[in-house]
$ cat model-v8.cif   # mmCIF, C-alpha atoms and all ligand atoms
data_model
loop_
_atom_site.label_atom_id
_atom_site.label_comp_id
_atom_site.auth_asym_id
_atom_site.auth_seq_id
_atom_site.Cartn_x
_atom_site.Cartn_y
_atom_site.Cartn_z
CA MET A 1 143.79 53.74 -31.73
CA PRO A 2 145.29 50.28 -32.39
CA ARG A 3 143.95 46.75 -32.32
CA CYS A 4 142.57 45.23 -29.13
CA ASP A 5 141.84 41.68 -27.97
CA LEU A 6 138.27 42.27 -26.84
CA LEU A 7 135.67 45.03 -26.95
CA LEU A 8 132.71 44.96 -24.56
CA THR A 9 129.85 47.18 -25.70
CA GLY A 10 126.32 47.89 -24.50
CA ALA A 11 127.20 47.78 -20.79
CA HIS A 12 126.25 50.12 -17.99
CA LEU A 13 129.59 50.94 -16.43
CA ALA A 14 130.05 51.50 -12.70
CA THR A 15 133.66 52.65 -13.06
CA MET A 16 133.96 53.46 -9.32
CA ALA A 17 136.32 56.27 -10.44
CA GLY A 18 135.80 59.98 -9.68
CA SER A 19 133.36 61.41 -7.16
CA GLU A 20 129.99 60.86 -8.94
CA PRO A 21 127.96 57.99 -7.48
CA TYR A 22 129.41 54.71 -8.77
CA GLY A 23 131.25 56.66 -11.52
CA LEU A 24 128.36 55.66 -13.80
CA ILE A 25 128.57 55.67 -17.59
CA ASP A 26 125.32 54.61 -19.27
CA ASP A 27 125.78 52.66 -22.49
CA GLY A 28 129.50 52.33 -22.07
CA ALA A 29 132.25 50.34 -23.74
CA VAL A 30 135.51 48.84 -22.56
CA ALA A 31 138.44 47.83 -24.76
CA ILE A 32 140.82 45.22 -23.40
CA ASP A 33 144.27 44.40 -24.70
CA GLY A 34 147.05 42.30 -23.23
CA GLY A 35 145.05 41.79 -20.03
CA ARG A 36 144.70 45.52 -19.40
CA LEU A 37 142.03 48.15 -19.96
CA LEU A 38 142.99 50.02 -23.11
CA TRP A 39 139.97 52.32 -23.30
CA VAL A 40 136.91 52.98 -21.07
CA GLY A 41 134.07 55.38 -21.87
CA ALA A 42 130.68 56.05 -23.43
CA ALA A 43 130.00 53.91 -26.51
CA ALA A 44 129.26 57.12 -28.45
CA ASP A 45 132.88 58.25 -27.92
CA LEU A 46 134.49 54.98 -29.00
CA PRO A 47 137.49 55.72 -31.24
CA ALA A 48 136.45 55.02 -34.84
CA ASP A 49 139.73 53.33 -35.78
CA LEU A 50 139.63 50.73 -32.98
CA GLU A 51 140.11 47.23 -34.39
CA PRO A 52 138.84 44.64 -31.88
CA ARG A 53 139.65 40.99 -32.57
CA ARG A 54 136.39 40.11 -30.85
CA THR A 55 133.34 42.12 -29.75
CA VAL A 56 130.75 41.14 -27.15
CA GLU A 57 127.48 43.05 -26.79
CA CYS A 58 126.55 43.05 -23.09
CA GLY A 59 122.81 43.70 -23.50
CA GLY A 60 122.59 46.53 -20.97
CA ARG A 61 124.23 44.53 -18.17
CA LEU A 62 126.13 46.24 -15.39
CA LEU A 63 129.93 46.07 -15.62
CA THR A 64 131.99 46.86 -12.51
CA PRO A 65 135.59 46.37 -11.46
CA GLY A 66 136.13 42.83 -10.18
CA LEU A 67 135.42 42.86 -6.45
CA VAL A 68 138.30 42.87 -3.97
CA ASP A 69 137.99 41.04 -0.64
CA CYS A 70 140.83 42.73 1.24
CA HIS A 71 140.63 40.86 4.58
CA THR A 72 140.19 37.07 4.86
CA HIS A 73 141.65 34.20 6.85
CA LEU A 74 140.46 31.58 4.39
CA VAL A 75 143.12 28.93 4.95
CA TRP A 76 142.31 26.89 8.06
CA GLY A 77 141.82 23.32 9.25
CA GLY A 78 138.86 21.89 11.18
CA ASP A 79 135.85 23.94 12.20
CA ARG A 80 134.50 25.87 15.19
CA LEU A 81 130.83 25.02 14.91
CA ASP A 82 130.65 24.02 18.59
CA GLU A 83 131.68 27.59 19.43
CA PHE A 84 128.94 29.00 17.24
CA GLU A 85 126.46 27.00 19.30
CA LEU A 86 128.15 28.03 22.56
CA ARG A 87 127.98 31.73 21.67
CA LEU A 88 124.27 31.37 20.96
CA THR A 89 123.82 30.24 24.58
CA GLY A 90 125.44 33.50 25.69
CA VAL A 91 129.14 32.63 26.17
CA PRO A 92 131.17 35.60 24.82
CA TYR A 93 133.88 35.25 22.12
CA GLU A 94 136.61 36.48 24.50
CA GLU A 95 135.55 34.01 27.20
CA ILE A 96 135.80 31.12 24.71
CA ALA A 97 139.30 32.31 23.80
CA ARG A 98 140.32 32.46 27.48
CA ARG A 99 139.09 28.89 27.94
CA GLY A 100 141.53 27.76 25.24
CA GLY A 101 139.04 27.71 22.36
CA GLY A 102 138.80 30.37 19.68
CA ILE A 103 141.82 30.96 17.46
CA VAL A 104 143.91 28.41 19.41
CA SER A 105 141.40 25.67 18.62
CA SER A 106 141.77 26.37 14.88
CA VAL A 107 145.54 26.32 15.39
CA LYS A 108 145.42 22.72 16.60
CA ALA A 109 143.34 21.59 13.62
CA THR A 110 145.43 23.58 11.13
CA ARG A 111 148.71 22.13 12.41
CA ALA A 112 147.23 18.66 11.82
CA ALA A 113 146.25 19.38 8.20
CA ASP A 114 148.64 18.86 5.27
CA GLU A 115 149.07 21.35 2.45
CA GLU A 116 146.82 19.52 -0.01
CA GLU A 117 143.98 19.40 2.52
CA LEU A 118 144.40 23.10 3.28
CA LEU A 119 144.44 23.88 -0.43
CA ARG A 120 141.30 21.82 -1.07
CA THR A 121 139.20 23.41 1.69
CA ALA A 122 140.47 26.93 0.97
CA GLY A 123 139.73 26.38 -2.73
CA ARG A 124 136.11 25.63 -1.94
CA ARG A 125 135.80 28.84 0.10
CA LEU A 126 137.48 30.81 -2.67
CA ARG A 127 134.95 29.51 -5.21
CA ALA A 128 132.15 30.88 -3.03
CA LEU A 129 133.79 34.31 -3.03
CA ALA A 130 134.45 34.20 -6.78
CA ALA A 131 130.77 33.41 -7.39
CA ASP A 132 130.13 36.87 -5.94
CA GLY A 133 132.41 38.53 -8.49
CA VAL A 134 135.58 38.60 -6.37
CA THR A 135 138.72 38.73 -8.52
CA THR A 136 141.29 39.64 -5.85
CA VAL A 137 141.47 38.21 -2.36
CA GLU A 138 143.80 38.84 0.56
CA VAL A 139 144.61 35.73 2.61
CA LYS A 140 146.18 35.84 6.06
CA SER A 141 148.07 33.11 7.85
CA GLY A 142 147.69 33.01 11.64
CA TYR A 143 146.35 29.53 12.39
CA GLY A 144 149.81 27.93 12.45
CA LEU A 145 151.65 30.07 15.01
CA GLU A 146 154.83 28.09 14.38
CA LEU A 147 157.05 28.47 11.35
CA GLU A 148 156.28 25.25 9.49
CA THR A 149 152.49 25.60 9.61
CA GLU A 150 152.55 29.34 8.91
CA ARG A 151 154.66 28.58 5.83
CA ARG A 152 152.31 25.80 4.77
CA CYS A 153 149.28 28.09 5.00
CA LEU A 154 150.98 30.90 3.08
CA ARG A 155 152.14 28.45 0.40
CA ALA A 156 148.60 27.09 0.09
CA ALA A 157 147.32 30.66 -0.22
CA ARG A 158 149.83 31.46 -2.98
CA ARG A 159 148.90 28.24 -4.80
CA LEU A 160 145.22 29.28 -4.81
CA ALA A 161 146.15 31.85 -7.44
CA GLU A 162 147.23 29.09 -9.83
CA ARG A 163 143.90 27.31 -9.69
CA SER A 164 140.55 27.86 -11.31
CA PRO A 165 138.67 30.16 -10.85
CA GLY A 166 141.35 32.73 -11.57
CA VAL A 167 141.83 35.06 -8.63
CA ARG A 168 144.67 37.37 -7.68
CA VAL A 169 145.92 36.52 -4.20
CA ARG A 170 147.79 38.78 -1.76
CA THR A 171 149.18 37.03 1.30
CA THR A 172 149.62 38.48 4.77
CA PHE A 173 151.72 36.97 7.57
CA LEU A 174 149.66 37.02 10.80
CA GLY A 175 152.02 35.13 13.12
CA ALA A 176 150.97 37.54 15.89
CA HIS A 177 147.34 36.41 15.81
CA ALA A 178 147.28 34.73 19.23
CA VAL A 179 149.70 33.25 21.74
CA PRO A 180 150.01 29.50 20.96
CA PRO A 181 149.49 26.95 23.77
CA GLU A 182 153.19 26.12 24.13
CA PHE A 183 153.89 29.81 24.95
CA LYS A 184 150.89 30.28 27.27
CA GLY A 185 151.64 33.15 29.70
CA ARG A 186 154.83 34.03 27.76
CA SER A 187 153.59 36.31 25.02
CA ASP A 188 156.86 38.29 24.86
CA ASP A 189 158.82 35.09 24.27
CA TYR A 190 156.43 34.06 21.51
CA LEU A 191 156.65 37.51 19.93
CA ALA A 192 160.45 37.28 19.97
CA THR A 193 160.15 34.01 18.01
CA VAL A 194 157.82 35.69 15.53
CA ILE A 195 160.21 38.62 15.06
CA ASP A 196 163.55 36.79 15.12
CA GLU A 197 162.68 33.51 13.37
CA MET A 198 159.34 33.39 11.61
CA LEU A 199 159.20 36.86 10.05
CA PRO A 200 162.69 36.76 8.46
CA ALA A 201 162.03 33.26 7.07
CA VAL A 202 158.66 34.15 5.60
CA ALA A 203 160.08 37.38 4.16
CA SER A 204 163.15 35.77 2.60
CA GLU A 205 161.01 33.04 1.00
CA GLY A 206 158.76 35.71 -0.53
CA LEU A 207 155.67 34.18 1.06
CA ALA A 208 154.07 37.37 2.38
CA ASP A 209 153.14 40.73 0.87
CA ALA A 210 152.32 42.27 4.25
CA VAL A 211 152.40 41.71 8.01
CA ASP A 212 149.36 41.89 10.30
CA ALA A 213 148.74 41.42 14.04
CA PHE A 214 145.79 41.17 16.42
CA CYS A 215 146.06 44.10 18.86
CA GLU A 216 143.63 43.27 21.68
CA GLY A 217 143.50 42.31 25.36
CA ILE A 218 143.27 38.62 24.40
CA ALA A 219 146.18 38.92 21.95
CA PHE A 220 149.01 41.51 21.68
CA SER A 221 149.54 44.98 23.18
CA VAL A 222 150.28 48.19 21.30
CA GLU A 223 153.86 48.06 22.53
CA GLN A 224 154.32 44.50 21.26
CA VAL A 225 152.81 45.33 17.86
CA ASP A 226 155.15 48.34 17.68
CA ARG A 227 158.14 45.96 17.93
CA LEU A 228 156.72 43.65 15.27
CA PHE A 229 155.94 46.49 12.84
CA THR A 230 159.39 48.00 13.27
CA ALA A 231 160.93 44.64 12.31
CA ALA A 232 158.50 44.16 9.40
CA ARG A 233 159.25 47.55 7.94
CA ASP A 234 162.99 46.96 8.30
CA LEU A 235 162.43 43.97 6.00
CA GLY A 236 160.53 46.16 3.53
CA LEU A 237 157.09 44.66 4.22
CA SER A 238 153.84 46.66 4.42
CA VAL A 239 151.86 46.47 7.65
CA LYS A 240 148.15 46.36 8.59
CA LEU A 241 146.42 45.74 11.90
CA HIS A 242 143.38 44.18 13.58
CA ALA A 243 142.64 47.16 15.82
CA GLU A 244 140.00 48.40 18.27
CA GLN A 245 137.70 45.42 17.58
CA LEU A 246 136.63 44.63 21.15
CA SER A 247 138.17 47.56 23.06
CA LEU A 248 140.05 50.82 22.46
CA LEU A 249 143.81 50.28 22.88
CA GLY A 250 145.25 52.82 20.42
CA GLY A 251 146.22 50.24 17.80
CA ALA A 252 144.89 52.34 14.94
CA GLU A 253 147.11 55.26 15.93
CA LEU A 254 150.08 52.96 16.14
CA ALA A 255 149.25 51.51 12.72
CA ALA A 256 149.01 55.02 11.28
CA ARG A 257 152.37 55.91 12.84
CA HIS A 258 153.88 53.01 10.90
CA GLY A 259 152.21 54.14 7.66
CA ALA A 260 149.98 51.04 7.66
CA LEU A 261 148.01 50.21 4.54
CA SER A 262 144.94 49.62 6.70
CA ALA A 263 143.54 49.30 10.20
CA ASP A 264 140.72 46.78 10.35
CA HIS A 265 137.55 46.21 12.46
CA LEU A 266 137.67 49.56 14.36
CA GLU A 267 134.39 49.28 16.30
CA TYR A 268 135.95 51.12 19.29
CA LEU A 269 138.03 53.63 17.26
CA ASP A 270 138.06 57.18 18.69
CA GLU A 271 138.56 60.55 16.97
CA ALA A 272 142.30 60.67 17.71
CA GLY A 273 142.64 57.37 15.86
CA VAL A 274 140.52 58.63 12.97
CA ARG A 275 142.69 61.75 12.65
CA ALA A 276 145.89 59.73 12.70
CA MET A 277 144.57 57.42 10.00
CA ALA A 278 143.47 60.38 7.86
CA GLU A 279 146.92 61.94 8.08
CA ALA A 280 148.72 58.71 7.27
CA GLY A 281 146.37 57.69 4.44
CA THR A 282 145.57 54.44 6.26
CA VAL A 283 142.39 52.76 4.95
CA ALA A 284 139.65 51.77 7.44
CA VAL A 285 138.62 48.19 6.68
CA LEU A 286 135.13 47.54 8.05
CA LEU A 287 134.15 43.94 8.81
CA PRO A 288 130.41 43.84 9.47
CA GLY A 289 130.33 40.03 9.22
CA ALA A 290 132.32 39.68 12.45
CA PHE A 291 130.23 42.42 14.11
CA TYR A 292 127.07 40.55 13.12
CA MET A 293 128.29 37.07 14.05
CA LEU A 294 129.56 38.18 17.46
CA ARG A 295 126.38 40.20 18.04
CA GLU A 296 128.45 43.27 18.86
CA GLU A 297 126.61 46.44 19.72
CA GLN A 298 129.12 49.22 19.10
CA ALA A 299 129.47 50.04 15.39
CA PRO A 300 132.61 51.71 13.98
CA PRO A 301 132.53 55.54 13.86
CA VAL A 302 131.48 55.84 10.22
CA ALA A 303 130.41 59.49 10.51
CA LEU A 304 133.86 60.47 11.85
CA LEU A 305 135.65 58.43 9.17
CA ARG A 306 133.59 60.24 6.53
CA GLN A 307 134.14 63.64 8.11
CA HIS A 308 137.93 63.17 8.13
CA GLY A 309 138.00 61.65 4.64
CA VAL A 310 139.34 58.25 5.66
CA PRO A 311 138.65 55.76 2.83
CA MET A 312 136.46 52.89 4.02
CA ALA A 313 136.87 49.37 2.65
CA VAL A 314 134.49 46.49 3.37
CA ALA A 315 135.60 42.84 3.58
CA THR A 316 134.24 39.46 4.65
CA ASP A 317 136.90 38.63 7.32
CA LEU A 318 136.11 35.04 6.23
CA ASN A 319 137.39 32.87 9.11
CA PRO A 320 136.22 29.83 11.09
CA GLY A 321 135.34 31.73 14.25
CA SER A 322 134.21 35.33 14.34
CA SER A 323 133.12 35.55 10.69
CA PRO A 324 132.32 32.34 8.78
CA VAL A 325 130.89 34.62 6.09
CA HIS A 326 131.42 33.34 2.54
CA SER A 327 129.78 36.16 0.58
CA LEU A 328 131.12 39.64 -0.13
CA LEU A 329 127.76 40.77 -1.55
CA VAL A 330 126.00 39.79 1.68
CA THR A 331 128.73 41.66 3.55
CA LEU A 332 128.04 44.83 1.52
CA ASN A 333 124.39 44.59 2.55
CA LEU A 334 125.44 44.24 6.21
CA ALA A 335 127.73 47.27 5.87
CA CYS A 336 124.75 49.37 4.80
CA LEU A 337 122.21 47.98 7.25
CA LEU A 338 124.43 47.63 10.33
CA PHE A 339 127.01 50.40 9.83
CA GLY A 340 125.01 52.94 7.79
CA LEU A 341 127.12 52.98 4.63
CA THR A 342 125.43 54.04 1.41
CA PRO A 343 125.41 51.42 -1.38
CA ASP A 344 127.90 53.62 -3.28
CA GLU A 345 130.24 53.64 -0.25
CA ALA A 346 129.82 49.89 0.21
CA LEU A 347 130.72 49.17 -3.43
CA ARG A 348 133.71 51.51 -3.26
CA GLY A 349 134.62 49.58 -0.14
CA ALA A 350 134.83 46.38 -2.15
CA THR A 351 136.56 47.93 -5.18
CA CYS A 352 138.77 51.04 -5.16
CA HIS A 353 139.20 51.38 -1.40
CA ALA A 354 139.80 47.66 -0.92
CA ALA A 355 142.44 47.82 -3.65
CA ARG A 356 144.13 50.63 -1.78
CA ALA A 357 144.03 48.62 1.48
CA LEU A 358 146.20 46.07 -0.35
CA GLY A 359 148.57 48.62 -1.86
CA LEU A 360 147.07 47.87 -5.30
CA GLY A 361 145.25 51.16 -5.85
CA ASP A 362 147.12 51.85 -9.10
CA GLU A 363 146.53 48.38 -10.50
CA ILE A 364 142.92 47.34 -9.80
CA GLY A 365 139.69 48.60 -8.20
CA THR A 366 138.34 51.00 -10.86
CA LEU A 367 137.54 50.83 -14.54
CA GLU A 368 140.20 53.17 -15.91
CA ALA A 369 142.50 52.84 -18.89
CA GLY A 370 145.85 51.40 -17.87
CA LYS A 371 144.58 49.24 -15.03
CA ALA A 372 144.31 45.46 -15.11
CA ALA A 373 141.21 44.15 -16.91
CA ASP A 374 139.67 42.59 -13.78
CA LEU A 375 135.92 42.92 -14.24
CA ALA A 376 132.58 41.61 -13.06
CA LEU A 377 129.61 41.55 -15.42
CA TRP A 378 126.21 41.27 -13.74
CA ASP A 379 122.69 40.28 -14.74
CA VAL A 380 121.37 43.53 -13.26
CA ARG A 381 121.26 47.09 -14.57
CA THR A 382 121.64 49.11 -11.36
CA PRO A 383 124.58 48.97 -8.93
CA ALA A 384 122.35 49.21 -5.84
CA ALA A 385 120.89 45.80 -6.83
CA LEU A 386 124.24 44.22 -5.85
CA VAL A 387 123.80 45.52 -2.31
CA ALA A 388 120.04 45.39 -1.77
CA ASN A 389 119.10 41.95 -3.08
CA LEU A 390 120.30 39.85 -0.17
CA GLY A 391 121.25 36.32 -1.21
CA ASP A 392 120.98 36.97 -4.96
CA ARG A 393 124.01 35.93 -6.97
CA PRO A 394 123.57 37.89 -10.19
CA LEU A 395 127.09 37.41 -11.56
CA ALA A 396 127.12 36.77 -15.33
CA THR A 397 130.88 36.36 -15.55
CA ARG A 398 134.19 37.60 -14.19
CA PHE A 399 137.34 38.59 -16.06
CA VAL A 400 140.78 38.36 -14.52
CA ALA A 401 143.49 40.07 -16.58
CA GLY A 402 141.04 40.16 -19.49
CA ARG A 403 140.22 36.42 -19.37
CA ALA A 404 136.59 35.46 -18.76
CA ASP A 405 135.57 32.51 -16.59
CA ASP A 406 135.46 29.87 -19.29
CA SER A 407 132.10 28.11 -19.04
CA ALA A 408 129.99 31.08 -18.01
CA PHE A 409 130.82 33.72 -20.54
CA ASP A 410 129.06 33.21 -23.88
CA GLY A 411 126.26 30.98 -22.60
CA ARG A 412 124.99 33.37 -19.98
CA LEU A 413 125.08 36.34 -22.29
CA ASP A 414 122.78 34.57 -24.74
CA GLY A 415 120.13 34.34 -22.03
CA ALA A 416 117.46 36.83 -20.99
CA ARG A 417 118.54 40.45 -20.65
CA PRO A 418 118.35 42.03 -17.22
O1 LIG A 501 139.44 39.06 12.30
N1 LIG A 501 140.13 39.30 15.42
C1 LIG A 501 140.99 38.46 15.22
N2 LIG A 501 141.04 37.60 14.24
C2 LIG A 501 139.91 37.16 13.52
C3 LIG A 501 139.18 36.13 14.25
C4 LIG A 501 139.71 34.85 13.94
C5 LIG A 501 139.01 33.73 14.61
O2 LIG A 501 138.06 33.91 15.41
O3 LIG A 501 139.45 32.64 14.28
C6 LIG A 501 139.01 38.30 13.12
O4 LIG A 501 137.88 38.45 13.61
FE FE A 502 140.39 39.22 10.71
#

$ encode --input "model-v8.cif" --output "structure tokens"
Amino acid sequence: MPRCDLLLTGAHLATMAGSEPYGLIDDGAVAIDGGRLLWVGAAADLPADLEPRRTVECGGRLLTPGLVDCHTHLVWGGDRLDEFELRLTGVPYEEIARRGGGIVSSVKATRAADEEELLRTAGRRLRALAADGVTTVEVKSGYGLELETERRCLRAARRLAERSPGVRVRTTFLGAHAVPPEFKGRSDDYLATVIDEMLPAVASEGLADAVDAFCEGIAFSVEQVDRLFTAARDLGLSVKLHAEQLSLLGGAELAARHGALSADHLEYLDEAGVRAMAEAGTVAVLLPGAFYMLREEQAPPVALLRQHGVPMAVATDLNPGSSPVHSLLVTLNLACLLFGLTPDEALRGATCHAARALGLGDEIGTLEAGKAADLALWDVRTPAALVANLGDRPLATRFVAGRADDSAFDGRLDGARP
């Protein structure tokens, strides 16, 4: 065994690999070289000839894969706080959208914001996620709904990756999020613009890793999404879909037919949809923050998803309207309490299964030799503490490609042991 840049010893590892709960290895060690995991295992099995340039003793702290937030809309302008107040008086989310509020109201504010402003506000939201141990985040456009603003949002999202704290960013083009005001009553015409003008431009500029749509009565039909996905796949882009959030339209089945990476929300999903997703290997992304904020009553069919072996991811859906939720750890707690996931399922949902929902299952999401050294080190010993202790932020430090968050690393480790 050769030299390595860094050896972490004395950590409890939740590798999230294999079928044992959390893939636990007590008293484990991790060797990192060139930004990747070189070796992962029990400290007792550490190769004797390993020559680390630096060794850090973790004092019995928990080490997990860096968390992956696989569904956010974190670039937007303005706010929708008036709608939060309105919903509390009993006005439903769909009614607000029909009155010209909702997504369209964020579109107006986002069109008015320049790229620096979008980058600044998105950066602040990203720091909140990173403080929860997030090392990879997916960011959707969808508050521009015309080429220039969609581009601006996607560019801002890509630029987030260059800033501190280090986070990997995957971008998703969500031009089919809503029908913009200038196309009111002409959703087919707007969709034609998305397919013929916006999508090819965004694809040729390399601004998007995937294409998403909102398949719902207040947005786009299954037939319209079918057209969009056919065009996206012709351009070589992956697809994913907001499906069955407020009603059952068959979007999940359509997504599966297109080999989608994920179908997301899924409160109204039926067994035919579950079967189709299982066959296609489409991940179910559960978004309990939106369910909670909209005070929905129908939870996604978790028992059926389990029974058919559909991998379940969990994400914040961070957005200005249905889910202004800035914490993935809080979201994991909601997934257990509101949807009945076990803490092990919830953590898989924010690691290995979330990675798969982004097409990054071979690269991140578990602690296994060969994968990127994206890690979260916590001031707790037991994985369930990450899910149970609502509002706690026990992160000691994060590593992205083997690099620790600068200020936190050594200082925190000198402190009290968990
Ligand atoms: O994931 N469902 C559609 N899109 C977002 C809502 C965005 C918004 O309300 O601004 C969602 O919940
Ligand atoms: Fe969403």

$ residues_around --input "model-v8.cif" --residues "Asp379 in chain A" --least-positions-apart "2" --cutoff "7 Å" --atoms "only C-alpha atoms" --output "ChimeraX atom specification"
/A:61-62,381,394-396,418

$ closest_residue --input "model-v8.cif" --among "A:Ala97, A:Leu8, A:Leu86, A:Val68" --to "Val40 in chain A" --atoms "all atoms listed in the file"
A:Leu8

$ closest_residue --input "model-v8.cif" --among "A:Leu237, A:Leu367, A:Cys215, A:Leu332" --to "ligand FE 502 (chain A)" --atoms "all atoms listed in the file"
A:Cys215

$ residues_around --input "model-v8.cif" --residues "range 291-300 of chain A" --least-positions-apart "4" --cutoff "12 Å" --atoms "only C-alpha atoms" --output "PyMOL selection string"
chain A and resi 83-88+90-94+96+243-248+263-271+273-274+284-287+304-306+312+314-325+330-331+333-341

$ atom_distance --input "model-v8.cif" --atom1 "CA of Tyr143 in chain A" --atom2 "CA of Val104 in chain A"
7.5 Å

$ atom_distance --input "model-v8.cif" --atom1 "CA of Ala192 in chain A" --atom2 "CA of Val169 in chain A"
28.2 Å

$ closest_residue --input "model-v8.cif" --among "A:Leu328, A:Pro343, A:Ser187, A:Cys352" --to "Gly289 in chain A" --atoms "all atoms listed in the file"
A:Leu328

$ axis_aligned_box --input "model-v8.cif" --around "ligand LIG 501 (chain A)" --padding-each-side "5 Å" --output "AutoDock Vina command-line options"
--center_x 139.5 --center_y 36.0 --center_z 13.9 --size_x 13.2 --size_y 16.7 --size_z 13.1

$ residues_near_ligand --input "model-v8.cif" --ligand "ligand FE 502 (chain A)" --cutoff "7 Å" --atoms "only C-alpha atoms and all ligand atoms" --output "short mmCIF file (atom, residue, chain, number, x, y, z; two decimals) with C-alpha atoms, keeping the file's coordinate frame"
data_model
loop_
_atom_site.label_atom_id
_atom_site.label_comp_id
_atom_site.auth_asym_id
_atom_site.auth_seq_id
_atom_site.Cartn_x
_atom_site.Cartn_y
_atom_site.Cartn_z
CA HIS A 71 140.63 40.86 4.58
CA THR A 72 140.19 37.07 4.86
CA HIS A 73 141.65 34.20 6.85
CA HIS A 242 143.38 44.18 13.58
CA ASP A 317 136.90 38.63 7.32
#

$ atom_distance --input "model-v8.cif" --atom1 "CA of Ala272 in chain A" --atom2 "CA of Ala178 in chain A"
26.5 Å

$ residues_around --input "model-v8.cif" --residues "Leu174 in chain A" --least-positions-apart "2" --cutoff "10 Å" --atoms "all atoms listed in the file" --output "CSV table (one decimal) with C-alpha atoms, in the frame of the given file"
chain,number,residue,atom,x,y,z
A,73,HIS,CA,141.6,34.2,6.8
A,139,VAL,CA,144.6,35.7,2.6
A,140,LYS,CA,146.2,35.8,6.1
A,141,SER,CA,148.1,33.1,7.8
A,142,GLY,CA,147.7,33.0,11.6
A,143,TYR,CA,146.4,29.5,12.4
A,144,GLY,CA,149.8,27.9,12.4
A,145,LEU,CA,151.6,30.1,15.0
A,150,GLU,CA,152.6,29.3,8.9
A,154,LEU,CA,151.0,30.9,3.1
A,171,THR,CA,149.2,37.0,1.3
A,172,THR,CA,149.6,38.5,4.8
A,176,ALA,CA,151.0,37.5,15.9
A,177,HIS,CA,147.3,36.4,15.8
A,178,ALA,CA,147.3,34.7,19.2
A,194,VAL,CA,157.8,35.7,15.5
A,199,LEU,CA,159.2,36.9,10.0
A,208,ALA,CA,154.1,37.4,2.4
A,210,ALA,CA,152.3,42.3,4.2
A,211,VAL,CA,152.4,41.7,8.0
A,212,ASP,CA,149.4,41.9,10.3
A,213,ALA,CA,148.7,41.4,14.0
A,214,PHE,CA,145.8,41.2,16.4
A,240,LYS,CA,148.2,46.4,8.6
A,241,LEU,CA,146.4,45.7,11.9
A,242,HIS,CA,143.4,44.2,13.6
